[in-house]
$ cat structure.txt   # compact mmCIF, C-alpha atoms
# COMPACT_ATOMS: atom_id res chain seq x y z
CA MET P 28 -24.10 44.62 60.53
CA LEU P 29 -24.33 41.38 62.45
CA ARG P 30 -20.72 40.62 61.62
CA LYS P 31 -19.58 44.01 62.86
CA SER P 32 -21.47 43.64 66.11
CA THR P 33 -20.02 40.15 66.65
CA LEU P 34 -16.52 41.47 66.02
CA LEU P 35 -17.08 44.32 68.43
CA LEU P 36 -18.31 41.89 71.07
CA LEU P 37 -15.26 39.70 70.66
CA VAL P 38 -12.94 42.72 70.97
CA VAL P 39 -14.66 43.80 74.17
CA ILE P 40 -14.41 40.31 75.61
CA GLU P 41 -10.73 40.13 74.75
CA ALA P 42 -10.08 43.56 76.25
CA PHE P 43 -11.85 42.56 79.38
CA GLY P 44 -9.91 39.35 79.65
CA GLN P 45 -6.59 41.13 79.18
CA ALA P 46 -7.39 43.95 81.63
CA PRO P 47 -5.03 44.01 84.73
CA GLN P 48 -6.65 42.93 87.95
CA PRO P 49 -6.27 45.06 91.03
CA VAL P 50 -3.57 43.73 93.33
CA PRO P 51 -4.87 43.13 96.78
CA PRO P 52 -3.01 44.58 99.70
CA ALA P 53 -0.57 42.44 101.61
CA PRO P 54 -2.32 40.13 103.95
CA THR P 55 -2.16 41.15 107.58
CA LYS P 56 -4.06 39.46 110.28
CA ASP P 57 -4.86 42.62 112.03
CA ALA P 58 -5.36 44.94 109.20
CA PRO P 59 -8.43 47.06 109.44
CA ALA P 60 -11.14 46.13 107.13
CA GLN P 61 -11.57 48.36 104.19
CA THR P 62 -14.90 49.69 103.62
CA GLN P 63 -16.53 50.54 100.36
CA LYS P 64 -18.71 53.52 100.44
CA GLY P 65 -18.96 52.90 104.25
CA LYS P 66 -21.76 50.38 103.82
CA GLU P 67 -20.18 46.92 103.35
CA PRO P 68 -18.08 45.44 106.17
CA PRO P 69 -14.34 45.27 105.53
CA ILE P 70 -12.87 42.03 104.33
CA GLN P 71 -10.47 40.34 106.60
CA TYR P 72 -7.45 38.48 105.30
CA VAL P 73 -6.42 35.30 107.02
CA GLY P 74 -3.81 32.70 106.25
CA SER P 75 -4.96 29.48 104.69
CA GLY P 76 -2.25 26.90 104.04
CA ALA P 77 0.44 28.44 101.98
CA GLY P 78 -1.72 31.30 100.83
CA VAL P 79 -4.06 33.93 102.05
CA VAL P 80 -7.80 34.12 101.67
CA GLY P 81 -10.20 36.87 102.34
CA VAL P 82 -13.11 36.51 104.69
CA ASN P 83 -16.22 38.59 104.50
CA PRO P 84 -17.58 38.97 107.97
CA ALA P 85 -21.03 38.82 106.57
CA GLN P 86 -20.30 35.47 105.06
CA PRO P 87 -17.48 34.00 107.08
CA TYR P 88 -17.79 30.49 105.57
CA ARG P 89 -17.24 31.57 102.00
CA PRO P 90 -13.55 32.40 101.58
CA ILE P 91 -12.59 34.80 98.93
CA PRO P 92 -9.45 34.07 96.99
CA VAL P 93 -6.91 36.74 97.28
CA GLY P 94 -3.70 37.36 95.48
CA ALA P 95 -4.33 34.59 92.93
CA ALA P 96 -5.30 36.98 90.25
CA THR P 97 -3.98 34.89 87.36
CA PRO P 98 -4.59 36.30 83.90
CA ARG P 99 -7.81 35.11 82.52
CA ASN P 100 -7.59 33.03 79.38
CA SER P 101 -9.49 34.03 76.31
CA ILE P 102 -11.90 31.70 74.54
CA PHE P 103 -9.41 31.23 71.77
CA THR P 104 -6.72 30.10 74.19
CA PHE P 105 -9.18 27.72 75.75
CA TYR P 106 -10.12 26.07 72.52
CA LEU P 107 -6.49 26.01 71.48
CA ARG P 108 -5.67 24.04 74.59
CA VAL P 109 -8.61 21.73 74.00
CA LEU P 110 -7.51 21.00 70.47
CA ASN P 111 -3.80 20.71 71.22
CA PRO P 112 -3.49 19.59 74.85
CA HIS P 113 0.19 18.62 74.55
CA GLN P 114 1.15 21.97 73.00
CA ILE P 115 2.84 20.37 69.99
CA ASN P 116 4.17 22.80 67.41
CA TRP P 117 2.98 21.21 64.21
CA GLY P 118 4.50 23.87 61.99
CA THR P 119 8.00 22.95 63.15
CA GLY P 120 7.29 19.26 62.59
CA ILE P 121 6.02 19.84 59.09
CA ASP P 122 9.03 21.98 58.24
CA GLN P 123 11.33 19.27 59.53
CA ARG P 124 9.60 16.59 57.52
CA LEU P 125 9.65 18.73 54.39
CA ALA P 126 13.39 19.21 54.86
CA ASN P 127 13.83 15.43 55.18
CA LEU P 128 11.74 14.85 52.04
CA ARG P 129 13.78 17.40 50.13
CA GLU P 130 17.01 15.83 51.23
CA GLN P 131 15.91 12.28 50.35
CA SER P 132 14.38 13.17 46.98
CA VAL P 133 15.93 16.07 45.17
CA GLY P 134 19.18 15.85 47.03
CA ASN P 135 19.58 12.14 46.27
CA PRO P 136 21.42 11.49 42.94
CA TYR P 137 19.91 8.00 42.57
CA PHE P 138 16.48 9.51 42.90
CA ARG P 139 17.31 12.01 40.19
CA LEU P 140 18.60 9.25 37.87
CA ALA P 141 15.52 7.08 38.43
CA SER P 142 13.26 10.07 37.86
CA PHE P 143 15.01 10.84 34.59
CA GLN P 144 14.64 7.23 33.41
CA LEU P 145 10.98 7.16 34.39
CA GLY P 146 10.34 10.36 32.52
CA PHE P 147 12.11 9.02 29.45
CA ILE P 148 10.01 5.85 29.49
CA VAL P 149 6.82 7.84 29.90
CA ILE P 150 7.78 10.02 26.94
CA LEU P 151 8.45 6.93 24.81
CA LEU P 152 5.08 5.47 25.78
CA MET P 153 3.43 8.74 24.87
CA LEU P 154 5.14 8.73 21.48
CA CYS P 155 4.00 5.15 20.85
CA TRP P 156 0.45 6.01 21.77
CA VAL P 157 0.48 9.08 19.55
CA TRP P 158 1.89 7.04 16.66
CA TRP P 159 -0.69 4.28 17.14
CA ASP P 160 -3.52 6.78 17.34
CA LYS P 161 -2.29 8.51 14.17
CA MET P 162 -2.14 5.20 12.33
CA ARG P 163 -5.67 4.40 13.47
CA GLN P 164 -6.88 7.72 12.17
CA ILE P 165 -5.09 7.16 8.86
CA LYS P 166 -6.66 3.74 8.56
CA TRP P 167 -10.12 5.14 9.08
CA VAL P 168 -9.50 7.90 6.58
CA ALA P 169 -8.24 5.37 4.03
CA ALA P 170 -11.29 3.16 4.60
CA GLU P 171 -13.58 6.11 4.08
CA CYS P 172 -11.77 7.08 0.89
CA LEU P 173 -11.95 3.50 -0.40
CA THR P 174 -15.65 3.29 0.37
CA ASP P 175 -16.25 6.57 -1.39
CA VAL P 176 -14.35 5.35 -4.43
CA LEU P 177 -16.31 2.10 -4.57
CA ASN P 178 -19.60 3.93 -4.23
CA ALA P 179 -18.57 6.37 -6.92
CA LYS P 180 -17.60 3.48 -9.19
CA VAL P 181 -20.97 1.78 -8.77
CA LEU P 182 -22.77 5.06 -9.31
CA ALA P 183 -20.72 5.88 -12.39
CA GLU P 184 -21.38 2.45 -13.88
CA SER P 185 -25.11 2.76 -13.33
CA ARG P 186 -25.09 6.25 -14.81
CA ALA P 187 -23.08 5.02 -17.78
CA VAL P 188 -25.54 2.20 -18.42
CA GLU P 189 -28.43 4.62 -18.25
CA ALA P 190 -26.68 7.02 -20.59
CA ILE P 191 -25.91 4.24 -23.06
CA ASP P 192 -29.52 3.08 -23.04
CA ARG P 193 -30.72 6.63 -23.54
CA HIS P 194 -28.25 7.15 -26.36
CA ASN P 195 -29.30 3.91 -28.02
CA ARG P 196 -32.94 4.90 -27.87
CA HIS P 197 -32.12 8.28 -29.29
CA ILE P 198 -30.07 6.81 -32.11
CA GLU P 199 -32.89 4.37 -32.80
CA LEU P 200 -35.35 7.21 -33.13
CA CYS P 201 -32.94 9.09 -35.38
CA ASN P 202 -32.53 6.04 -37.58
CA ARG P 203 -36.26 5.67 -37.88
CA VAL P 204 -36.61 9.31 -38.87
CA ILE P 205 -33.83 8.96 -41.45
CA GLU P 206 -35.37 5.83 -42.88
CA GLY P 207 -38.76 7.50 -43.03
CA GLN P 208 -37.31 10.44 -44.90
CA SER P 209 -35.36 8.25 -47.29
CA SER P 210 -38.37 6.05 -48.06
CA GLY P 211 -40.32 9.11 -49.28
CA VAL P 212 -43.37 8.43 -47.19
CA GLY P 213 -45.00 11.72 -46.18
CA GLY P 214 -45.64 11.66 -42.45
CA PRO P 215 -42.97 10.61 -40.02
CA SER P 216 -45.34 8.23 -38.28
CA ASP P 217 -46.23 6.55 -41.56
CA GLY P 218 -42.59 6.36 -42.50
CA SER P 219 -41.62 4.84 -39.21
CA ASN P 220 -44.48 2.35 -39.41
CA ALA P 221 -43.49 1.36 -42.91
CA ALA P 222 -39.88 1.02 -41.88
CA LEU P 223 -40.92 -1.10 -38.95
CA THR P 224 -43.03 -3.26 -41.19
CA ILE P 225 -40.17 -3.68 -43.63
CA ARG P 226 -37.83 -4.53 -40.80
CA GLU P 227 -40.22 -7.09 -39.40
CA LEU P 228 -40.59 -8.64 -42.82
CA GLN P 229 -36.85 -8.71 -43.24
CA THR P 230 -36.53 -10.36 -39.86
CA GLU P 231 -39.08 -12.98 -40.80
CA LEU P 232 -37.30 -13.54 -44.06
CA ALA P 233 -33.98 -13.97 -42.31
CA ALA P 234 -35.54 -16.43 -39.87
CA SER P 235 -37.12 -18.31 -42.78
CA ARG P 236 -33.79 -18.46 -44.57
CA ALA P 237 -32.17 -19.81 -41.44
CA ASN P 238 -34.93 -22.38 -41.12
CA CYS P 239 -34.45 -23.34 -44.76
CA ALA P 240 -30.75 -23.71 -44.18
CA ARG P 241 -31.40 -25.89 -41.15
CA LEU P 242 -33.85 -28.06 -43.08
CA GLN P 243 -31.48 -28.22 -46.03
CA ASN P 244 -28.74 -29.39 -43.72
CA GLU P 245 -30.99 -32.06 -42.25
CA LEU P 246 -31.98 -33.08 -45.78
CA ASP P 247 -28.36 -33.34 -46.79
CA GLN P 248 -27.64 -35.48 -43.78
CA SER P 249 -30.63 -37.68 -44.59
CA LYS P 250 -29.39 -38.06 -48.13
CA VAL P 251 -26.01 -39.07 -46.90
CA GLU P 252 -27.56 -41.60 -44.54
CA HIS P 253 -29.78 -42.95 -47.32
CA ALA P 254 -26.79 -43.29 -49.58
CA GLN P 255 -24.95 -45.19 -46.89
CA VAL P 256 -27.92 -47.49 -46.28
CA ASP P 257 -28.31 -48.06 -50.03
CA GLY P 258 -24.68 -48.97 -50.29
CA ARG P 259 -24.93 -51.47 -47.46
CA LEU P 260 -28.08 -53.02 -48.99
CA ALA P 261 -26.39 -53.35 -52.34
CA THR P 262 -23.45 -55.04 -50.70
CA LEU P 263 -25.71 -57.48 -48.86
CA GLU P 264 -27.68 -58.30 -52.00
CA ALA P 265 -24.50 -58.96 -53.93
CA GLU P 266 -23.27 -61.21 -51.19
CA LEU P 267 -26.56 -63.09 -51.13
CA ARG P 268 -26.54 -63.56 -54.87
CA ARG P 269 -23.01 -64.78 -54.79
CA LYS P 270 -23.90 -67.29 -52.13
CA VAL P 271 -26.94 -68.53 -54.05
CA ALA P 272 -24.92 -68.96 -57.23
CA ASN P 273 -22.06 -70.73 -55.52
CA PRO P 274 -23.46 -72.85 -52.66
CA ASP P 275 -21.10 -74.24 -50.09
CA PRO P 276 -20.86 -78.11 -50.45
CA ASP P 277 -20.16 -78.61 -46.78
CA LEU P 278 -23.26 -76.72 -45.82
CA ILE P 279 -25.33 -78.75 -48.33
CA ALA P 280 -23.96 -82.04 -46.91
CA ARG P 281 -24.70 -80.92 -43.39
CA LEU P 282 -28.21 -79.91 -44.45
CA GLU P 283 -28.83 -83.30 -46.07
CA ARG P 284 -27.60 -85.11 -42.98
CA ALA P 285 -29.84 -83.07 -40.80
CA GLU P 286 -32.86 -83.77 -42.99
CA ALA P 287 -32.07 -87.51 -42.94
CA GLU P 288 -31.82 -87.53 -39.18
CA LEU P 289 -35.09 -85.69 -38.93
CA ALA P 290 -36.82 -88.18 -41.21
CA GLY P 291 -35.42 -91.14 -39.18
CA ARG P 292 -36.79 -89.68 -35.95
CA LYS P 293 -40.25 -89.28 -37.44
CA THR P 294 -40.20 -92.98 -38.60
CA ARG P 295 -39.25 -94.26 -35.11
CA LYS P 296 -42.03 -92.28 -33.52
CA ALA P 297 -44.62 -93.68 -36.02
CA LYS P 298 -43.77 -97.47 -35.47
CA PRO P 299 -45.09 -97.95 -31.92
CA MET H 29 -20.95 -25.63 -22.34
CA ILE H 30 -18.61 -25.84 -25.32
CA VAL H 31 -17.93 -22.86 -27.56
CA CYS H 32 -16.17 -22.96 -30.91
CA ILE H 33 -14.28 -19.81 -31.84
CA LEU H 34 -14.84 -18.78 -35.44
CA SER H 35 -13.68 -15.19 -35.12
CA LEU H 36 -12.84 -12.76 -32.33
CA GLY H 37 -13.22 -9.06 -31.74
CA SER H 38 -10.52 -6.63 -32.72
CA TYR H 39 -10.01 -5.05 -29.32
CA TRP H 40 -7.64 -6.76 -26.88
CA ARG H 41 -6.96 -5.61 -23.37
CA GLU H 42 -4.74 -6.72 -20.51
CA PRO H 43 -5.15 -5.86 -16.81
CA ASN H 44 -2.91 -3.26 -15.26
CA ASP H 45 -2.19 -5.27 -12.14
CA GLY H 46 -0.38 -8.11 -13.87
CA ARG H 47 -3.05 -10.75 -13.57
CA PRO H 48 -2.64 -13.57 -16.13
CA VAL H 49 -5.78 -12.66 -18.00
CA VAL H 50 -6.52 -11.33 -21.49
CA TRP H 51 -9.82 -9.81 -22.51
CA ASN H 52 -11.21 -9.64 -26.01
CA SER H 53 -14.03 -7.39 -27.07
CA SER H 54 -15.38 -5.57 -30.06
CA GLY H 55 -13.81 -2.34 -31.26
CA VAL H 56 -13.90 0.12 -34.15
CA LEU H 57 -11.41 2.38 -35.83
CA ASP H 58 -11.96 6.04 -35.23
CA GLN H 59 -9.80 9.12 -35.64
CA ARG H 60 -7.45 8.10 -32.87
CA GLY H 61 -7.08 4.44 -33.78
CA LEU H 62 -8.73 1.30 -32.55
CA ARG H 63 -11.08 2.10 -29.71
CA GLN H 64 -13.75 0.18 -27.91
CA ARG H 65 -16.66 2.65 -28.18
CA SER H 66 -19.02 0.10 -26.70
CA LYS H 67 -22.74 0.46 -26.94
CA VAL H 68 -23.18 -2.86 -25.20
CA HIS H 69 -20.40 -3.74 -22.79
CA GLY H 70 -19.02 -7.25 -22.72
CA HIS H 71 -15.90 -9.31 -23.24
CA VAL H 72 -14.44 -12.76 -23.57
CA ARG H 73 -11.97 -13.67 -20.85
CA PHE H 74 -8.90 -15.76 -21.63
CA SER H 75 -6.26 -17.18 -19.37
CA SER H 76 -2.94 -15.81 -20.64
CA ARG H 77 -1.21 -19.18 -20.60
CA LEU H 78 -3.99 -20.98 -22.46
CA TYR H 79 -4.22 -18.10 -24.90
CA GLN H 80 -0.51 -18.28 -25.71
CA GLU H 81 -0.68 -22.07 -26.01
CA ALA H 82 -3.60 -21.83 -28.42
CA LEU H 83 -1.83 -19.22 -30.51
CA GLY H 84 1.31 -21.31 -30.61
CA SER H 85 -0.32 -24.65 -31.48
CA SER H 86 -3.34 -24.60 -33.76
CA GLY H 87 -4.50 -21.01 -33.52
CA LEU H 88 -7.66 -19.70 -32.01
CA SER H 89 -9.87 -19.97 -35.08
CA GLY H 90 -11.77 -23.22 -35.02
CA SER H 91 -10.70 -24.15 -31.49
CA CYS H 92 -13.28 -25.40 -29.03
CA TRP H 93 -13.34 -24.35 -25.39
CA HIS H 94 -15.19 -25.21 -22.25
CA VAL H 95 -16.67 -21.94 -21.01
CA SER H 96 -18.45 -20.70 -17.94
CA ALA H 97 -22.09 -19.77 -18.08
CA PHE H 98 -22.99 -16.58 -19.87
CA GLY H 99 -23.26 -13.91 -17.17
CA GLU H 100 -23.84 -10.21 -16.76
CA HIS H 101 -22.62 -8.07 -13.89
CA LEU H 102 -23.17 -4.31 -13.66
CA GLY H 103 -23.97 -4.17 -17.33
CA MET H 104 -20.85 -6.09 -18.34
CA ARG H 105 -21.54 -9.32 -20.22
CA THR H 106 -18.83 -11.88 -19.69
CA VAL H 107 -17.88 -15.30 -20.99
CA ALA H 108 -14.79 -16.95 -19.52
CA LEU H 109 -12.95 -19.56 -21.59
CA GLU H 110 -11.72 -22.08 -19.05
CA ARG H 111 -9.94 -24.88 -20.94
CA ARG H 112 -9.62 -26.41 -24.38
CA ALA H 113 -12.14 -29.01 -25.49
CA ASN H 114 -11.61 -31.96 -27.76
CA HIS H 115 -11.79 -31.26 -31.49
CA THR H 116 -14.32 -34.02 -31.96
CA SER H 117 -16.71 -32.53 -29.43
CA SER H 118 -19.79 -30.86 -30.82
CA PRO H 119 -19.98 -27.17 -29.86
CA ASP H 120 -23.10 -25.71 -28.32
CA TRP H 121 -22.33 -22.18 -29.46
CA TYR H 122 -20.12 -20.43 -31.98
CA LEU H 123 -18.26 -17.26 -31.06
CA VAL H 124 -18.24 -14.89 -34.00
CA SER H 125 -17.57 -11.23 -34.62
CA VAL H 126 -19.36 -9.44 -37.42
CA THR H 127 -18.94 -5.98 -38.83
CA GLU H 128 -21.19 -3.78 -40.88
CA GLN H 129 -19.49 -5.14 -43.99
CA LEU H 130 -21.25 -8.49 -43.64
CA VAL H 131 -24.91 -7.56 -43.98
CA GLY H 132 -24.91 -3.84 -43.30
CA ALA H 133 -25.71 -1.97 -40.14
CA LEU H 134 -27.12 -3.95 -37.24
CA ASP H 135 -29.75 -2.81 -34.77
CA ASP H 136 -31.36 -4.19 -31.66
CA GLY H 137 -33.38 -6.84 -33.51
CA SER H 138 -30.74 -7.90 -35.96
CA TRP H 139 -30.07 -11.28 -34.40
CA ASP H 140 -32.15 -14.24 -33.42
CA PRO H 141 -33.07 -13.80 -29.76
CA ALA H 142 -33.61 -17.53 -29.35
CA SER H 143 -30.33 -18.73 -30.81
CA SER H 144 -27.98 -15.79 -30.26
CA HIS H 145 -26.40 -13.89 -27.39
CA LEU H 146 -24.89 -10.47 -27.93
CA LEU H 147 -21.65 -10.15 -25.98
CA SER H 148 -20.41 -6.77 -27.09
CA LEU H 149 -21.39 -4.12 -29.62
CA SER H 150 -19.18 -1.25 -30.71
CA SER H 151 -20.40 1.48 -32.95
CA TRP H 152 -19.01 4.77 -34.21
CA LYS H 153 -20.69 6.64 -37.02
CA THR H 154 -21.26 4.02 -39.75
CA LYS H 155 -18.76 1.52 -38.37
CA GLN H 156 -19.92 -1.36 -36.28
CA GLU H 157 -18.54 -4.52 -34.78
CA ALA H 158 -20.49 -7.04 -32.75
CA LEU H 159 -19.27 -10.06 -30.81
CA LEU H 160 -21.90 -12.76 -30.68
CA LEU H 161 -22.51 -16.25 -29.42
CA VAL H 162 -24.59 -17.90 -32.15
CA ASP H 163 -26.05 -21.35 -32.42
CA ARG H 164 -25.65 -23.33 -35.64
CA HIS H 165 -27.96 -21.91 -38.27
CA GLY H 166 -28.52 -18.76 -36.30
CA TRP H 167 -29.36 -15.76 -38.42
CA LEU H 168 -28.47 -12.11 -38.68
CA ARG H 169 -30.55 -9.42 -40.28
CA GLY H 170 -28.77 -6.31 -41.49
CA ALA H 171 -29.60 -3.27 -43.52
CA SER H 172 -28.43 -4.87 -46.75
CA GLY H 173 -29.22 -8.52 -46.28
CA SER H 174 -29.35 -11.50 -44.00
CA ALA H 175 -26.84 -14.15 -43.06
CA VAL H 176 -27.17 -17.65 -41.67
CA LEU H 177 -24.34 -19.24 -39.72
CA THR H 178 -23.24 -22.40 -41.47
CA PRO H 179 -19.85 -23.38 -40.06
CA GLY H 180 -17.81 -25.29 -42.60
CA GLY H 181 -20.17 -24.41 -45.41
CA PRO H 182 -19.05 -24.01 -49.01
CA ASP H 183 -19.40 -20.21 -48.85
CA GLY H 184 -17.64 -19.80 -45.55
CA ASP H 185 -19.09 -19.53 -42.09
CA TRP H 186 -21.96 -17.29 -43.21
CA ALA H 187 -24.48 -17.90 -45.95
CA ILE H 188 -25.32 -14.37 -47.04
CA SER H 189 -28.42 -13.31 -48.94
CA ARG H 190 -28.95 -9.72 -50.02
CA TRP H 191 -32.30 -8.03 -50.07
$ encode --input "structure.txt" --output "structure tokens"
Amino acid sequence: MLRKSTLLLLVVIEAFGQAPQPVPPAPTKDAPAQTQKGKEPPIQYVGSGAGVVGVNPAQPYRPIPVGAATPRNSIFTFYLRVLNPHQINWGTGIDQRLANLREQSVGNPYFRLASFQLGFIVILLMLCWVWWDKMRQIKWVAAECLTDVLNAKVLAESRAVEAIDRHNRHIELCNRVIEGQSSGVGGPSDGSNAALTIRELQTELAASRANCARLQNELDQSKVEHAQVDGRLATLEAELRRKVANPDPDLIARLERAEAELAGRKTRKAKP
Amino acid sequence: MIVCILSLGSYWREPNDGRPVVWNSSGVLDQRGLRQRSKVHGHVRFSSRLYQEALGSSGLSGSCWHVSAFGEHLGMRTVALERRANHTSSPDWYLVSVTEQLVGALDDGSWDPASSHLLSLSSWKTKQEALLLVDRHGWLRGASGSAVLTPGGPDGDWAISRW
């Protein structure tokens, strides 16, 4: 509603501004004053410079412009003049510049060649980037697959170890049951206990046999060493006997000389 | 640590990727031939070159090797033979493989826990093969008897006594 009233007001103002003004009569010095409704005094027209002005006898010092009924400007024209005081036609300028741009760009063959080369280079760079990005994605996918495989391997190994242990325990229980049945002992618990006892005894016996073997080995080594020592002693005794039976004359002479020298020294010490 | 090889398992395996390694483990004969059928996983690791050299010179039986420490990873017991040792060197352990034909079926307590290490155990029905690291005079207890390791003994490497 407010918009409609504003629009109506603007239309009225525009119509009033465009309305033709009444043309005053030709100025004559002696023209009788026109009266309006016979109450106001007639306006007199007198020359003033190059033009004519009207004079109201009631107010003779306030000239009334006459004949200068120029068309009144609208508010839009006023603001248009304020914004564009030099009356420049910007639309024409823009069109002219666009024509220059078109001529220097699209119409220039060098520009077209350079644009084609630039586009080709940009496409190559795009292809390189796409290829690099694809390789990066492939690398990540491969790393994920490898990690999954390694994790699965570790998990499978642990599961296999658990399964083997479980199987071994199961087989052990089966063996105990079989041994209990074969031994003829009534209850399975008694049979398994007896089998365990027999196994423990067998283990002790095996360990005792190994210990016996170790001791036997040490005994054999001791016997060998004793035999070697006996042989060396026999050799030394034979050598000693041979030396006693056949004394060396040189050694006897040296021994006699040494005893004589020792006796002489004792005599010299006793004289003083 | 020095290990003397007295006998090896019957299952040999090579890697698929061409590495110069040979693995030996226990195995049994089933309906489809020699298979591992491991109840306890483990193997002995050879370098291919040293393995071929040993086969070509004096054979593997009776040879002494420097080995890595006995290890276990993800349930797989491994001993790696690194290089040959001198014949005069005294071995710390003896690597032997035994079957059920020696002293009968073996179970979890069939070997001396103090002087034996079980590397691998294969079992299928009544057939068994175990690969062991045994100290001198280590013992085995089977279903039909016991055996004591006596390398170079008059009756062979094992002194067997039946129940």
$ closest_atom_pairs --input "structure.txt" --of "chain P" --to "chain H" --cutoff "9 Å" --atoms "all atoms listed in the file" --output "Markdown table"
| residue | atom | partner | partner_atom | distance |
| --- | --- | --- | --- | --- |
| P:Val181 | CA | H:Leu102 | CA | 8.1 |
| P:Glu184 | CA | H:Leu102 | CA | 7.0 |
| P:Ser185 | CA | H:Leu102 | CA | 7.3 |
| P:Val188 | CA | H:Gly103 | CA | 6.7 |
| P:Ile191 | CA | H:Lys67 | CA | 6.3 |
| P:Asp192 | CA | H:Lys67 | CA | 8.2 |
| P:His194 | CA | H:Lys67 | CA | 8.7 |
| P:Asn195 | CA | H:Lys67 | CA | 7.5 |
| P:Glu199 | CA | H:Asp135 | CA | 8.1 |
| P:Arg226 | CA | H:Ala171 | CA | 8.8 |
| P:Gln229 | CA | H:Arg169 | CA | 7.0 |
| P:Thr230 | CA | H:Arg169 | CA | 6.1 |
| P:Leu232 | CA | H:Ser174 | CA | 8.2 |
| P:Ala233 | CA | H:Ser174 | CA | 5.5 |
| P:Ala234 | CA | H:Trp167 | CA | 6.4 |
| P:Arg236 | CA | H:Val176 | CA | 7.3 |
| P:Ala237 | CA | H:Val176 | CA | 5.5 |
| P:Asn238 | CA | H:His165 | CA | 7.5 |
| P:Ala240 | CA | H:His165 | CA | 6.8 |
| P:Arg241 | CA | H:His165 | CA | 6.0 |
$ write_last_selection --input "structure.txt" --atoms "C-alpha atoms" --output "mmCIF file, keeping the file's coordinate frame"
data_model
loop_
_atom_site.group_PDB
_atom_site.id
_atom_site.type_symbol
_atom_site.label_atom_id
_atom_site.label_comp_id
_atom_site.auth_asym_id
_atom_site.auth_seq_id
_atom_site.Cartn_x
_atom_site.Cartn_y
_atom_site.Cartn_z
ATOM 1 C CA VAL P 181 -20.970 1.780 -8.770
ATOM 2 C CA GLU P 184 -21.380 2.450 -13.880
ATOM 3 C CA SER P 185 -25.110 2.760 -13.330
ATOM 4 C CA VAL P 188 -25.540 2.200 -18.420
ATOM 5 C CA ILE P 191 -25.910 4.240 -23.060
ATOM 6 C CA ASP P 192 -29.520 3.080 -23.040
ATOM 7 C CA HIS P 194 -28.250 7.150 -26.360
ATOM 8 C CA ASN P 195 -29.300 3.910 -28.020
ATOM 9 C CA GLU P 199 -32.890 4.370 -32.800
ATOM 10 C CA ARG P 226 -37.830 -4.530 -40.800
ATOM 11 C CA GLN P 229 -36.850 -8.710 -43.240
ATOM 12 C CA THR P 230 -36.530 -10.360 -39.860
ATOM 13 C CA LEU P 232 -37.300 -13.540 -44.060
ATOM 14 C CA ALA P 233 -33.980 -13.970 -42.310
ATOM 15 C CA ALA P 234 -35.540 -16.430 -39.870
ATOM 16 C CA ARG P 236 -33.790 -18.460 -44.570
ATOM 17 C CA ALA P 237 -32.170 -19.810 -41.440
ATOM 18 C CA ASN P 238 -34.930 -22.380 -41.120
ATOM 19 C CA ALA P 240 -30.750 -23.710 -44.180
ATOM 20 C CA ARG P 241 -31.400 -25.890 -41.150
#
$ closest_residue --input "structure.txt" --among "H:Val49, H:Val31, H:Leu134, H:Leu160" --to "H:Arg77" --atoms "all atoms listed in the file"
H:Val49
$ axis_aligned_box --input "structure.txt" --around "stretch 185-192 of chain P" --padding-each-side "4 Å" --output "JSON"
{"center_x": -26.3, "center_y": 4.6, "center_z": -18.2, "size_x": 14.4, "size_y": 12.8, "size_z": 17.7}
$ residues_around --input "structure.txt" --residues "H:Leu123" --least-positions-apart "2" --cutoff "7 Å" --atoms "all atoms listed in the file" --output "JSON, numbers by chain"
{"H": [31, 32, 33, 34, 35, 121, 160, 161, 162]}
$ residues_around --input "structure.txt" --residues "H:Leu57" --least-positions-apart "6" --cutoff "12 Å" --atoms "all atoms listed in the file" --output "list of chain:residue names"
H:Ser38, H:Tyr39, H:Arg63, H:Gln64, H:Arg65, H:Thr127, H:Ser150, H:Ser151, H:Trp152, H:Lys153, H:Thr154, H:Lys155, H:Gln156, H:Glu157
$ atom_distance --input "structure.txt" --atom1 "atom CA of H:Ser91" --atom2 "atom CA of H:Pro119"
9.9 Å
$ residues_near_point --input "structure.txt" --point "(-5.4, 33.4, 102.3)" --cutoff "10 Å" --atoms "all atoms listed in the file" --output "ChimeraX atom specification"
/P:54-55,71-82,90-95
$ write_last_selection --input "structure.txt" --atoms "C-alpha atoms" --output "PDB file, in the coordinates of the input"
ATOM      1  CA  PRO P  54      -2.320  40.130 103.950  1.00  0.00           C
ATOM      2  CA  THR P  55      -2.160  41.150 107.580  1.00  0.00           C
ATOM      3  CA  GLN P  71     -10.470  40.340 106.600  1.00  0.00           C
ATOM      4  CA  TYR P  72      -7.450  38.480 105.300  1.00  0.00           C
ATOM      5  CA  VAL P  73      -6.420  35.300 107.020  1.00  0.00           C
ATOM      6  CA  GLY P  74      -3.810  32.700 106.250  1.00  0.00           C
ATOM      7  CA  SER P  75      -4.960  29.480 104.690  1.00  0.00           C
ATOM      8  CA  GLY P  76      -2.250  26.900 104.040  1.00  0.00           C
ATOM      9  CA  ALA P  77       0.440  28.440 101.980  1.00  0.00           C
ATOM     10  CA  GLY P  78      -1.720  31.300 100.830  1.00  0.00           C
ATOM     11  CA  VAL P  79      -4.060  33.930 102.050  1.00  0.00           C
ATOM     12  CA  VAL P  80      -7.800  34.120 101.670  1.00  0.00           C
ATOM     13  CA  GLY P  81     -10.200  36.870 102.340  1.00  0.00           C
ATOM     14  CA  VAL P  82     -13.110  36.510 104.690  1.00  0.00           C
ATOM     15  CA  PRO P  90     -13.550  32.400 101.580  1.00  0.00           C
ATOM     16  CA  ILE P  91     -12.590  34.800  98.930  1.00  0.00           C
ATOM     17  CA  PRO P  92      -9.450  34.070  96.990  1.00  0.00           C
ATOM     18  CA  VAL P  93      -6.910  36.740  97.280  1.00  0.00           C
ATOM     19  CA  GLY P  94      -3.700  37.360  95.480  1.00  0.00           C
ATOM     20  CA  ALA P  95      -4.330  34.590  92.930  1.00  0.00           C
TER      21      ALA P  95
END
